[in-house]
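One file, structure20.csv, carrying CSV, C-alpha atoms and all ligand atoms:
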```
chain,number,residue,atom,x,y,z
A,20,MET,CA,-6.6,-5.3,21.0
A,21,ASP,CA,-8.0,-7.8,18.6
A,22,THR,CA,-5.7,-8.5,15.6
A,23,PHE,CA,-8.3,-7.6,13.1
A,24,ASP,CA,-9.1,-4.4,14.9
A,25,ALA,CA,-5.4,-3.5,14.8
A,26,ILE,CA,-5.2,-4.3,11.1
A,27,TYR,CA,-8.3,-2.3,10.1
A,28,GLN,CA,-7.5,0.7,12.5
A,29,ARG,CA,-3.9,1.1,11.5
A,30,ARG,CA,-3.6,4.1,9.2
A,31,SER,CA,-0.6,6.2,8.1
A,32,VAL,CA,-0.8,9.1,10.5
A,33,LYS,CA,1.3,12.2,9.7
A,34,ALA,CA,0.4,14.7,12.5
A,35,TYR,CA,1.6,13.8,16.1
A,36,ASP,CA,1.7,15.5,19.4
A,37,PRO,CA,5.3,16.8,19.6
A,38,GLN,CA,5.1,17.0,23.4
A,39,HIS,CA,4.2,13.4,24.0
A,40,GLU,CA,7.0,11.2,25.2
A,41,MET,CA,7.1,7.5,24.8
A,42,SER,CA,8.5,5.8,27.9
A,43,ASP,CA,11.6,3.5,27.6
A,44,ALA,CA,9.4,0.6,28.8
A,45,GLU,CA,7.0,1.2,25.9
A,46,VAL,CA,9.9,1.4,23.4
A,47,THR,CA,11.2,-1.9,24.8
A,48,LYS,CA,7.8,-3.5,24.6
A,49,LEU,CA,7.5,-2.4,20.9
A,50,MET,CA,11.0,-3.7,20.0
A,51,GLU,CA,10.4,-7.0,21.9
A,52,ALA,CA,7.3,-7.5,19.7
A,53,ALA,CA,9.3,-6.5,16.6
A,54,VAL,CA,11.9,-9.2,17.1
A,55,GLN,CA,9.2,-11.9,17.2
A,56,SER,CA,8.8,-11.4,13.5
A,57,PRO,CA,9.8,-14.3,11.3
A,58,THR,CA,13.0,-14.2,9.2
A,59,SER,CA,14.4,-16.7,6.7
A,60,PHE,CA,16.4,-19.4,8.6
A,61,ASN,CA,15.7,-17.2,11.7
A,62,MET,CA,18.7,-15.0,10.7
A,63,GLN,CA,17.2,-11.9,12.2
A,64,ASN,CA,19.0,-9.7,9.7
A,65,TRP,CA,17.1,-6.6,10.7
A,66,ARG,CA,18.7,-3.7,12.6
A,67,PHE,CA,16.4,-1.1,14.2
A,68,VAL,CA,17.8,2.3,14.6
A,69,LEU,CA,15.8,4.2,17.2
A,70,ILE,CA,15.9,8.0,17.1
A,71,LYS,CA,14.0,9.5,20.0
A,72,GLU,CA,15.6,12.3,22.2
A,73,ASN,CA,18.3,13.5,19.8
A,74,LYS,CA,16.6,16.7,18.6
A,75,GLU,CA,19.6,17.7,16.4
A,76,LEU,CA,19.5,14.4,14.6
A,77,ARG,CA,15.7,14.6,14.2
A,78,ALA,CA,16.0,18.0,12.6
A,79,LYS,CA,18.6,16.7,10.1
A,80,LEU,CA,16.4,13.6,9.5
A,81,ARG,CA,13.4,15.9,8.8
A,82,GLU,CA,15.5,17.8,6.3
A,83,ALA,CA,16.6,14.6,4.6
A,84,SER,CA,13.0,13.5,4.5
A,85,TYR,CA,11.9,16.4,2.3
A,86,ASN,CA,10.8,18.3,5.4
A,87,GLN,CA,8.0,15.8,6.3
A,88,ALA,CA,6.9,17.1,9.7
A,89,GLN,CA,6.1,13.7,11.2
A,90,VAL,CA,9.8,12.9,11.3
A,91,GLU,CA,10.3,15.6,13.9
A,92,GLU,CA,6.9,15.6,15.7
A,93,ALA,CA,6.5,11.8,16.3
A,94,SER,CA,7.6,10.4,19.7
A,95,LEU,CA,9.9,7.9,18.0
A,96,VAL,CA,11.5,7.3,14.6
A,97,ILE,CA,12.6,3.8,13.7
A,98,ILE,CA,14.9,3.3,10.8
A,99,LEU,CA,14.6,-0.3,9.6
A,100,ALA,CA,18.0,-1.4,8.3
A,101,ALA,CA,19.5,-4.8,7.6
A,102,ASP,CA,22.8,-6.5,7.8
A,103,LEU,CA,23.5,-8.1,4.3
A,104,ASN,CA,26.1,-10.4,5.8
A,105,ALA,CA,23.9,-11.8,8.6
A,106,HIS,CA,23.8,-15.2,6.9
A,107,ALA,CA,27.6,-15.6,7.4
A,108,ASP,CA,28.0,-13.9,10.7
A,109,ASN,CA,28.3,-16.8,13.2
A,110,PRO,CA,24.9,-18.3,12.2
A,111,ALA,CA,24.8,-20.9,14.9
A,112,ARG,CA,23.7,-18.2,17.3
A,113,TYR,CA,20.4,-18.0,15.4
A,114,TRP,CA,19.7,-21.5,16.6
A,115,LYS,CA,21.3,-21.4,20.0
A,116,ASP,CA,18.2,-22.8,21.8
A,117,ALA,CA,17.7,-25.6,19.2
A,118,PRO,CA,19.2,-29.1,19.6
A,119,GLU,CA,22.9,-29.1,18.5
A,120,GLU,CA,22.2,-31.2,15.4
A,121,THR,CA,19.4,-28.9,14.2
A,122,SER,CA,21.6,-25.9,14.9
A,123,LYS,CA,24.5,-27.3,12.8
A,124,MET,CA,22.3,-28.3,10.0
A,125,MET,CA,20.3,-25.0,9.8
A,126,SER,CA,23.3,-22.7,10.1
A,127,GLY,CA,25.2,-24.8,7.4
A,128,MET,CA,22.3,-24.5,5.0
A,129,LEU,CA,21.9,-20.8,5.7
A,130,ALA,CA,25.4,-19.9,4.7
A,131,GLY,CA,25.2,-21.9,1.5
A,132,PHE,CA,21.8,-20.6,0.5
A,133,TYR,CA,22.9,-16.9,0.5
A,134,GLU,CA,26.7,-17.0,-0.2
A,135,GLY,CA,27.7,-15.0,-3.2
A,136,LYS,CA,24.1,-14.1,-4.1
A,137,ASP,CA,24.0,-10.4,-3.6
A,138,GLN,CA,20.5,-9.8,-5.0
A,139,LEU,CA,19.0,-12.6,-2.9
A,140,GLN,CA,20.7,-11.1,0.2
A,141,ARG,CA,19.2,-7.7,-0.6
A,142,ASP,CA,15.8,-9.2,-1.3
A,143,GLU,CA,16.0,-11.1,2.1
A,144,ALA,CA,16.9,-7.8,3.9
A,145,GLN,CA,13.8,-6.1,2.4
A,146,ARG,CA,11.6,-9.1,3.2
A,147,SER,CA,12.7,-9.2,6.8
A,148,CYS,CA,12.3,-5.4,7.3
A,149,ALA,CA,8.9,-5.3,5.7
A,150,ILE,CA,7.5,-8.1,7.9
A,151,ALA,CA,9.0,-6.6,11.0
A,152,GLY,CA,7.6,-3.2,10.0
A,153,GLN,CA,4.1,-4.5,9.9
A,154,THR,CA,4.6,-6.1,13.3
A,155,ILE,CA,5.8,-2.8,14.7
A,156,MET,CA,2.8,-0.9,13.2
A,157,LEU,CA,0.2,-3.3,14.5
A,158,ALA,CA,1.9,-3.6,17.9
A,159,ALA,CA,2.1,0.2,18.2
A,160,LYS,CA,-1.6,0.4,17.3
A,161,ALA,CA,-2.4,-2.1,20.1
A,162,MET,CA,-0.4,0.1,22.5
A,163,GLY,CA,-2.4,3.2,21.7
A,164,TYR,CA,0.0,4.7,19.2
A,165,ASP,CA,-0.2,5.5,15.5
A,166,THR,CA,2.5,5.1,12.9
A,167,CYS,CA,3.5,6.1,9.3
A,168,PRO,CA,5.8,3.9,7.2
A,169,MET,CA,8.0,6.1,5.1
A,170,ILE,CA,10.3,5.9,2.1
A,171,GLY,CA,10.1,9.6,1.3
A,172,PHE,CA,13.7,10.5,2.3
A,173,ASP,CA,17.1,10.7,0.7
A,174,ILE,CA,18.4,7.2,1.5
A,175,GLU,CA,22.1,8.2,1.0
A,176,LYS,CA,21.8,11.2,3.4
A,177,VAL,CA,20.0,9.2,6.0
A,178,GLY,CA,22.6,6.5,5.8
A,179,GLN,CA,25.3,9.1,6.5
A,180,LEU,CA,23.2,10.5,9.4
A,181,ILE,CA,23.0,7.1,11.2
A,182,ASN,CA,26.6,6.0,10.2
A,183,LEU,CA,25.1,3.0,8.3
A,184,PRO,CA,27.9,0.4,8.3
A,185,GLU,CA,29.3,-1.3,5.2
A,186,ASN,CA,27.3,-4.2,4.0
A,187,HIS,CA,24.0,-2.8,5.4
A,188,LEU,CA,21.0,-1.3,3.7
A,189,ILE,CA,18.2,0.9,4.8
A,190,SER,CA,14.7,-0.5,4.0
A,191,PHE,CA,12.3,2.2,5.2
A,192,MET,CA,11.5,4.2,8.3
A,193,ILE,CA,8.5,4.3,10.7
A,194,THR,CA,7.3,7.2,12.8
A,195,VAL,CA,5.5,6.4,16.0
A,196,GLY,CA,3.4,8.8,18.1
A,197,LYS,CA,0.2,10.1,19.4
A,198,GLN,CA,-1.9,11.4,16.6
A,199,VAL,CA,-3.4,14.9,16.7
A,200,LYS,CA,-5.0,14.7,13.3
A,201,ALA,CA,-6.6,11.6,11.8
A,202,ALA,CA,-5.3,10.2,8.6
A,203,TRP,CA,-7.2,11.2,5.5
A,204,PRO,CA,-10.0,8.8,4.5
A,205,LYS,CA,-8.8,5.5,3.2
A,206,PRO,CA,-7.7,6.2,-0.4
A,207,GLY,CA,-9.3,3.1,-1.8
A,208,GLN,CA,-8.4,-0.6,-2.0
A,209,LEU,CA,-8.3,-2.5,-5.3
A,210,GLU,CA,-10.9,-5.2,-5.8
A,211,LEU,CA,-9.9,-8.6,-4.6
A,212,SER,CA,-10.7,-9.9,-8.1
A,213,GLU,CA,-7.7,-7.8,-9.4
A,214,VAL,CA,-5.2,-8.7,-6.7
A,215,VAL,CA,-6.1,-12.3,-5.7
A,216,ILE,CA,-5.0,-14.9,-8.2
A,217,ARG,CA,-6.2,-18.5,-7.9
A,218,ASP,CA,-3.7,-21.1,-9.0
A,219,GLN,CA,-2.0,-19.2,-11.9
A,220,PHE,CA,-1.8,-15.8,-13.5
C,301,LIG,C1,6.9,1.7,1.9
C,301,LIG,C2,6.0,2.8,2.2
C,301,LIG,C3,6.5,4.1,2.1
C,301,LIG,C4,5.7,5.2,2.4
C,301,LIG,N1,6.2,6.5,2.4
C,301,LIG,C5,5.5,7.5,2.9
C,301,LIG,C6,6.1,8.8,3.1
C,301,LIG,O1,7.3,9.0,2.9
C,301,LIG,N2,5.3,9.8,3.6
C,301,LIG,C7,4.0,9.6,3.9
C,301,LIG,O2,3.4,10.5,4.3
C,301,LIG,N3,3.4,8.4,3.7
C,301,LIG,C8,4.1,7.3,3.3
C,301,LIG,N4,3.6,6.1,3.1
C,301,LIG,C9,2.2,5.9,3.5
C,301,LIG,C10,1.2,5.5,2.3
C,301,LIG,O3,0.9,6.7,1.6
C,301,LIG,C11,0.0,4.9,2.9
C,301,LIG,O4,0.4,3.7,3.5
C,301,LIG,C12,-1.1,4.6,1.9
C,301,LIG,O5,-1.6,5.8,1.3
C,301,LIG,C13,-2.3,3.8,2.5
C,301,LIG,O6,-2.8,4.5,3.6
C,301,LIG,P1,-2.9,3.8,5.0
C,301,LIG,O7,-1.5,3.4,5.4
C,301,LIG,O8,-3.4,4.9,5.9
C,301,LIG,O9,-3.9,2.7,4.9
C,301,LIG,C14,4.4,5.0,2.8
C,301,LIG,C15,3.9,3.7,2.8
C,301,LIG,C16,4.7,2.6,2.6
C,301,LIG,C17,4.2,1.2,2.7
```

When written as structure tokens, how does the structure in this file appear?
Ligand SMILES: Cc1cc2nc3c(=O)[nH]c(=O)nc-3n(C[C@H](O)[C@H](O)[C@H](O)COP(=O)(O)O)c2cc1C
Amino acid sequence: MDTFDAIYQRRSVKAYDPQHEMSDAEVTKLMEAAVQSPTSFNMQNWRFVLIKENKELRAKLREASYNQAQVEEASLVIILAADLNAHADNPARYWKDAPEETSKMMSGMLAGFYEGKDQLQRDEAQRSCAIAGQTIMLAAKAMGYDTCPMIGFDIEKVGQLINLPENHLISFMITVGKQVKAAWPKPGQLELSEVVIRDQF
């Protein structure tokens, strides 16, 4: 699928065929695309929690998501989480295929850039998840699936449901499935003249 077609055809779809099953090969293809997303210093701080067959967990997740049906009816739910300590967790592995000198330099810079800066670590986690989320949504569209990004859930409860480790955060979740009802008409984009700033505000 053409990139622009995927961008324009992606919509937040909330009604999915609950009978449809995504194959493991499709899930792998989607996640392999997700990890192509860029991250600062290539630190790959995202963690993708996939919830597919576990019906009991899905039901609890739906409850924690203010009963939004798509959480139970989609073929796959992806919770985009991040490791806030990724910058310090053996960073040389993020540059394992680079020349040794580059690897040493980049992993040294990475640790120093984020060390002790809690807000920056959290911002980076959100940036990485947001970018990977868009990759997932566009890749899913190209694979014949629809998606819905979601923050309408109790983040504490969902953290408990997935045993979110210390030093991690949840950014948002994405449902993926076969749509049975189209998204409502596009609600309306702001004019470029309001959102595009040339040179300075
Ligand atoms: C971070 C984020 C959280 C969202 N949370 C929800 C949600 O909890 N439930 C829902 O139905 N839609 C949710 N949406 C979908 C938005 O309502 C939707 O993206 C917006 O209305 C634009 O429509 P479109 O995505 O079809 O272009 C969310 C979107 C984003 C980006």

Review point. When the cut-off is 6 Å and you count all atoms listed in the file, which residues lie near ligand LIG 301 (chain C), shown as a list in words?
Key: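 Checked against 6 Å with all atoms listed in the file; the hits are Arg30, Ser31, Cys167, Pro168, Met169, Ile170, Gly171 and Lys205 of chain A.
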
What would the file look like if the residues just selected were written as a short mmCIF file (atom, residue, chain, number, x, y, z; two decimals), in the coordinates of the input with C-alpha atoms?
```
data_model
loop_
_atom_site.label_atom_id
_atom_site.label_comp_id
_atom_site.auth_asym_id
_atom_site.auth_seq_id
_atom_site.Cartn_x
_atom_site.Cartn_y
_atom_site.Cartn_z
CA ARG A 30 -3.60 4.10 9.20
CA SER A 31 -0.60 6.20 8.10
CA CYS A 167 3.50 6.10 9.30
CA PRO A 168 5.80 3.90 7.20
CA MET A 169 8.00 6.10 5.10
CA ILE A 170 10.30 5.90 2.10
CA GLY A 171 10.10 9.60 1.30
CA LYS A 205 -8.80 5.50 3.20
#
```

Review point. With distances taken over only C-alpha atoms, which of A:Ser59, A:Ser42, A:Gln198, A:Thr22 is nearest to Leu139 of chain A?
Key: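 Counting only C-alpha atoms, the residue closest to Leu139 of chain A is A:Ser59.
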
Point to revise | Nearest to Gly131 of chain A, chosen from A:Pro37, A:Pro118, A:Pro110, A:Pro184, with all atoms listed in the file counted in the distances | key: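 Result for the nearest residue to Gly131 of chain A: A:Pro110.
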
**Study point:** Distance query Leu103 of chain A at most 10 Å, all atoms listed in the file, self and fewer than 6 positions along chain excluded, as a PyMOL selection string
**Key:** chain A and resi 64-65+133+137-144+185-188

Check your understanding: Which residues, written as a ChimeraX atom specification, have at least one atom at most 9 Å from segment 191-193 of chain A, with only C-alpha atoms counted and residues fewer than 3 positions away on the same chain left out?
Key -> /A:90,95-100,145,148-149,152,155-156,166-172,174
